[in-house]
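I have placed the structure first, in the form of structure tokens, so that the comments after it can refer back to it.
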Amino acid sequence: MPCIGQHAPDFTAPAYHNGAFSQVSLSAYRGKWLVLLFYPGDFTFVCATEVSAAAENQEAFAALGVEFLSISVDSPFVHKAWMEQELQKMAVQPVKFPMASDVSGKIGTLYGVYDEEKFFDHRGCFIIDPDGVVQSILINQPSVGRSYEELFRLLAALMH
């Protein structure tokens with residue numbers, strides 16, 4: 001698991017983004033602030049409200065120059081189905097950030113959020129600066145969502 005002040009482990013993963021399947025890598029975000037959001041799984045209540053809230057706040061974060069990348073153990077095909085069947089209906093704003101797949105749990109293991117007994121990633125939030133260095137880590141139990149107001153405050157403080 002990376003520590004604050006260390007470089008975030010790079011990875012490449014399949015993803016669902018803007019209606020298409022693609023590959024994403026952490027290194028593609030170099031030069032930008034990134035919020036890396038791990039969550040347990042698609043089609044679950046807290047995750048749906050949380051990803052929808054991230055989409056609703058995405059413009060405010062983009063104004064700060066911050067990008068989002070979400071990741072769970074679900075496949076890109078499950079991400080697509082979740083987007084079409086649930087997220088598009090409940091989110092006020094469309095989800096514009098990539099939804100990466102960690103089916104094997106290898107990425108979650110790199111970041112210390114993967115639960116080998118339950119086969120999912122815990123709810124982890126990693127703020128990574130433009131140099132690829134981890135500036136903040138927050139890991140919650142699956143039943144506890146995130147506060148985007150607090151995340152916004154934290155990012156503003158880290159940037160200044």
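We label chains A, B, ... in the order they appear in the structure tokens, count residues from 1 in each chain, and number ligands from 1 in the order shown.
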Could you pull out the residues in chain A that DSSP calls strand (DSSP E) from the backbone, as a count of residues only? 45
What's the 7 Å shell around range 76-85 of chain A, counting only C-alpha atoms, without same-chain residues fewer than 6 positions away, as JSON, numbers by chain? {"A": [14, 15, 16, 21, 42, 43, 99, 100, 101]}
For those residues, write all heavy atoms to a file as a CSV table (one decimal), in the first residue's frame.
```csv
chain,number,residue,atom,x,y,z
A,14,PRO,N,-8.8,-2.4,-17.8
A,14,PRO,CA,-9.9,-2.2,-18.7
A,14,PRO,C,-11.0,-1.3,-18.0
A,14,PRO,O,-11.1,-1.2,-16.8
A,14,PRO,CB,-10.5,-3.6,-19.0
A,14,PRO,CG,-10.1,-4.4,-17.8
A,14,PRO,CD,-8.8,-3.8,-17.3
A,15,ALA,N,-11.7,-0.5,-18.9
A,15,ALA,CA,-12.6,0.5,-18.3
A,15,ALA,C,-13.8,0.7,-19.2
A,15,ALA,O,-13.8,0.3,-20.4
A,15,ALA,CB,-11.9,1.8,-18.1
A,16,TYR,N,-14.8,1.3,-18.6
A,16,TYR,CA,-16.0,1.7,-19.4
A,16,TYR,C,-16.0,3.2,-19.2
A,16,TYR,O,-16.0,3.7,-18.1
A,16,TYR,CB,-17.3,1.1,-18.9
A,16,TYR,CG,-18.5,1.5,-19.7
A,16,TYR,CD1,-18.7,1.0,-21.0
A,16,TYR,CD2,-19.4,2.4,-19.1
A,16,TYR,CE1,-19.8,1.4,-21.7
A,16,TYR,CE2,-20.5,2.8,-19.9
A,16,TYR,CZ,-20.7,2.3,-21.2
A,16,TYR,OH,-21.8,2.7,-21.9
A,21,PHE,N,-15.7,0.8,-24.4
A,21,PHE,CA,-14.7,0.1,-23.6
A,21,PHE,C,-13.3,0.6,-24.0
A,21,PHE,O,-13.1,0.8,-25.2
A,21,PHE,CB,-14.9,-1.4,-23.9
A,21,PHE,CG,-16.2,-2.0,-23.5
A,21,PHE,CD1,-17.1,-2.4,-24.5
A,21,PHE,CD2,-16.6,-2.1,-22.2
A,21,PHE,CE1,-18.4,-2.8,-24.1
A,21,PHE,CE2,-17.8,-2.5,-21.8
A,21,PHE,CZ,-18.7,-2.9,-22.8
A,42,ASP,N,-20.7,-2.4,-8.3
A,42,ASP,CA,-21.9,-1.9,-9.0
A,42,ASP,C,-23.2,-2.5,-8.5
A,42,ASP,O,-23.2,-3.6,-7.9
A,42,ASP,CB,-21.8,-2.2,-10.5
A,42,ASP,CG,-20.5,-1.5,-11.1
A,42,ASP,OD1,-19.9,-0.7,-10.5
A,42,ASP,OD2,-20.2,-1.9,-12.3
A,43,PHE,N,-24.3,-1.8,-8.7
A,43,PHE,CA,-25.6,-2.3,-8.3
A,43,PHE,C,-25.8,-2.5,-6.8
A,43,PHE,O,-26.5,-3.3,-6.3
A,43,PHE,CB,-26.0,-3.6,-9.0
A,43,PHE,CG,-26.2,-3.5,-10.5
A,43,PHE,CD1,-25.2,-3.9,-11.4
A,43,PHE,CD2,-27.3,-2.9,-11.0
A,43,PHE,CE1,-25.4,-3.7,-12.8
A,43,PHE,CE2,-27.5,-2.8,-12.4
A,43,PHE,CZ,-26.5,-3.2,-13.3
A,99,MET,N,-14.7,4.3,-15.5
A,99,MET,CA,-15.0,3.3,-14.5
A,99,MET,C,-14.1,2.1,-14.8
A,99,MET,O,-14.4,1.4,-15.7
A,99,MET,CB,-16.5,3.0,-14.5
A,99,MET,CG,-17.4,4.2,-14.2
A,99,MET,SD,-19.1,3.9,-14.6
A,99,MET,CE,-19.5,2.6,-13.5
A,100,ALA,N,-13.0,2.0,-14.0
A,100,ALA,CA,-12.1,0.9,-14.3
A,100,ALA,C,-12.5,-0.4,-13.6
A,100,ALA,O,-13.2,-0.4,-12.7
A,100,ALA,CB,-10.7,1.4,-13.9
A,101,SER,N,-11.9,-1.5,-14.1
A,101,SER,CA,-12.2,-2.8,-13.6
A,101,SER,C,-11.0,-3.4,-12.9
A,101,SER,O,-9.9,-3.4,-13.5
A,101,SER,CB,-12.6,-3.7,-14.8
A,101,SER,OG,-12.9,-5.0,-14.4
```
What gap, in Å, lies between CA of Asp115 in chain A and CA of Ser143 in chain A?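 About the pair CA of Asp115 in chain A and CA of Ser143 in chain A: they are 14.3 Å apart.
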Given only C-alpha atoms as the counted atoms, nearest of A:Pro94, A:Gly112, A:Pro142, A:Gly124 to Asn18 in chain A: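 Going through A:Pro94, A:Gly112, A:Pro142, A:Gly124 one by one, the smallest distance to Asn18 in chain A is for A:Pro94.
Distances to Val134 in chain A were evaluated for A:Val95, A:Leu155, A:Ile4, A:Val35 using only C-alpha atoms, and the minimum falls at A:Ile4.
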Please, which residues of chain A, numbered as in this document, come out alpha helix (DSSP H) from DSSP, as a ChimeraX atom specification? /A:45-63,76-82,88-90,106-110,148-159
Could you check the closest approach to Ile71 in chain A for each of A:Gln58, A:Gln135, A:Thr49, A:Thr12 and tell me which residue wins, using only C-alpha atoms? A:Thr12
So that I can see what lies close to range 53-55 of chain A, please list as a ChimeraX atom specification the residues with an atom at most 10 Å from it, counting only C-alpha atoms and leaving out residues fewer than 2 positions away in the same chain. /A:37,47-51,57-61,68,70,87,90-97,146-148
Export of prior selection with C-alpha atoms as a PDB file, in the first residue's frame:
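Result file is out-v9.pdb:
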```pdb
ATOM      1  CA  LEU A  37     -12.039   6.189  -5.980  1.00  0.00           C
ATOM      2  CA  CYS A  47     -21.983   2.871  -4.427  1.00  0.00           C
ATOM      3  CA  ALA A  48     -24.762   4.134  -6.687  1.00  0.00           C
ATOM      4  CA  THR A  49     -25.402   7.215  -4.570  1.00  0.00           C
ATOM      5  CA  GLU A  50     -21.680   7.847  -4.217  1.00  0.00           C
ATOM      6  CA  VAL A  51     -20.804   7.553  -7.921  1.00  0.00           C
ATOM      7  CA  ASN A  57     -19.795  17.404  -8.333  1.00  0.00           C
ATOM      8  CA  GLN A  58     -17.470  16.694 -11.238  1.00  0.00           C
ATOM      9  CA  GLU A  59     -17.721  20.194 -12.765  1.00  0.00           C
ATOM     10  CA  ALA A  60     -16.727  21.855  -9.474  1.00  0.00           C
ATOM     11  CA  PHE A  61     -13.712  19.559  -9.202  1.00  0.00           C
ATOM     12  CA  PHE A  68     -11.742  11.334 -11.205  1.00  0.00           C
ATOM     13  CA  SER A  70     -13.399   5.090 -10.201  1.00  0.00           C
ATOM     14  CA  LEU A  87     -26.779   5.436 -12.968  1.00  0.00           C
ATOM     15  CA  MET A  90     -30.483   8.456 -10.839  1.00  0.00           C
ATOM     16  CA  ALA A  91     -27.586  10.841 -11.539  1.00  0.00           C
ATOM     17  CA  VAL A  92     -28.494  14.478 -12.100  1.00  0.00           C
ATOM     18  CA  GLN A  93     -25.318  14.821 -14.197  1.00  0.00           C
ATOM     19  CA  PRO A  94     -23.909  12.082 -16.444  1.00  0.00           C
ATOM     20  CA  VAL A  95     -20.913  10.104 -15.221  1.00  0.00           C
ATOM     21  CA  LYS A  96     -18.076  11.451 -17.369  1.00  0.00           C
ATOM     22  CA  PHE A  97     -15.113   9.783 -15.675  1.00  0.00           C
ATOM     23  CA  ARG A 146     -17.752   9.783   1.165  1.00  0.00           C
ATOM     24  CA  SER A 147     -18.412  13.479   1.672  1.00  0.00           C
ATOM     25  CA  TYR A 148     -17.681  15.446  -1.481  1.00  0.00           C
TER      26      TYR A 148
END
```
Measure the distance from CA of Leu151 in chain A to CA of Gly132 in chain A in Å and round it to one decimal.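 Computing it gives 18.2 Å between the two atoms.
We find CA of Gly145 in chain A and CA of Asp10 in chain A to be spaced 25.3 Å apart.
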Between A:Ile137, A:Glu86, A:Phe126, A:Met1, smallest distance to Trp33 in chain A by only C-alpha atoms belongs to A:Phe126
Could you check the closest approach to Ser72 in chain A for each of A:Arg123, A:Arg30, A:His7, A:His17 and tell me which residue wins, using only C-alpha atoms?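 Of all the options, A:Arg123 lies closest to Ser72 in chain A.
Using only C-alpha atoms for every distance, the candidate list A:Arg153, A:His122, A:His160, A:Lys89 yields A:His122 as the residue closest to Leu138 in chain A.
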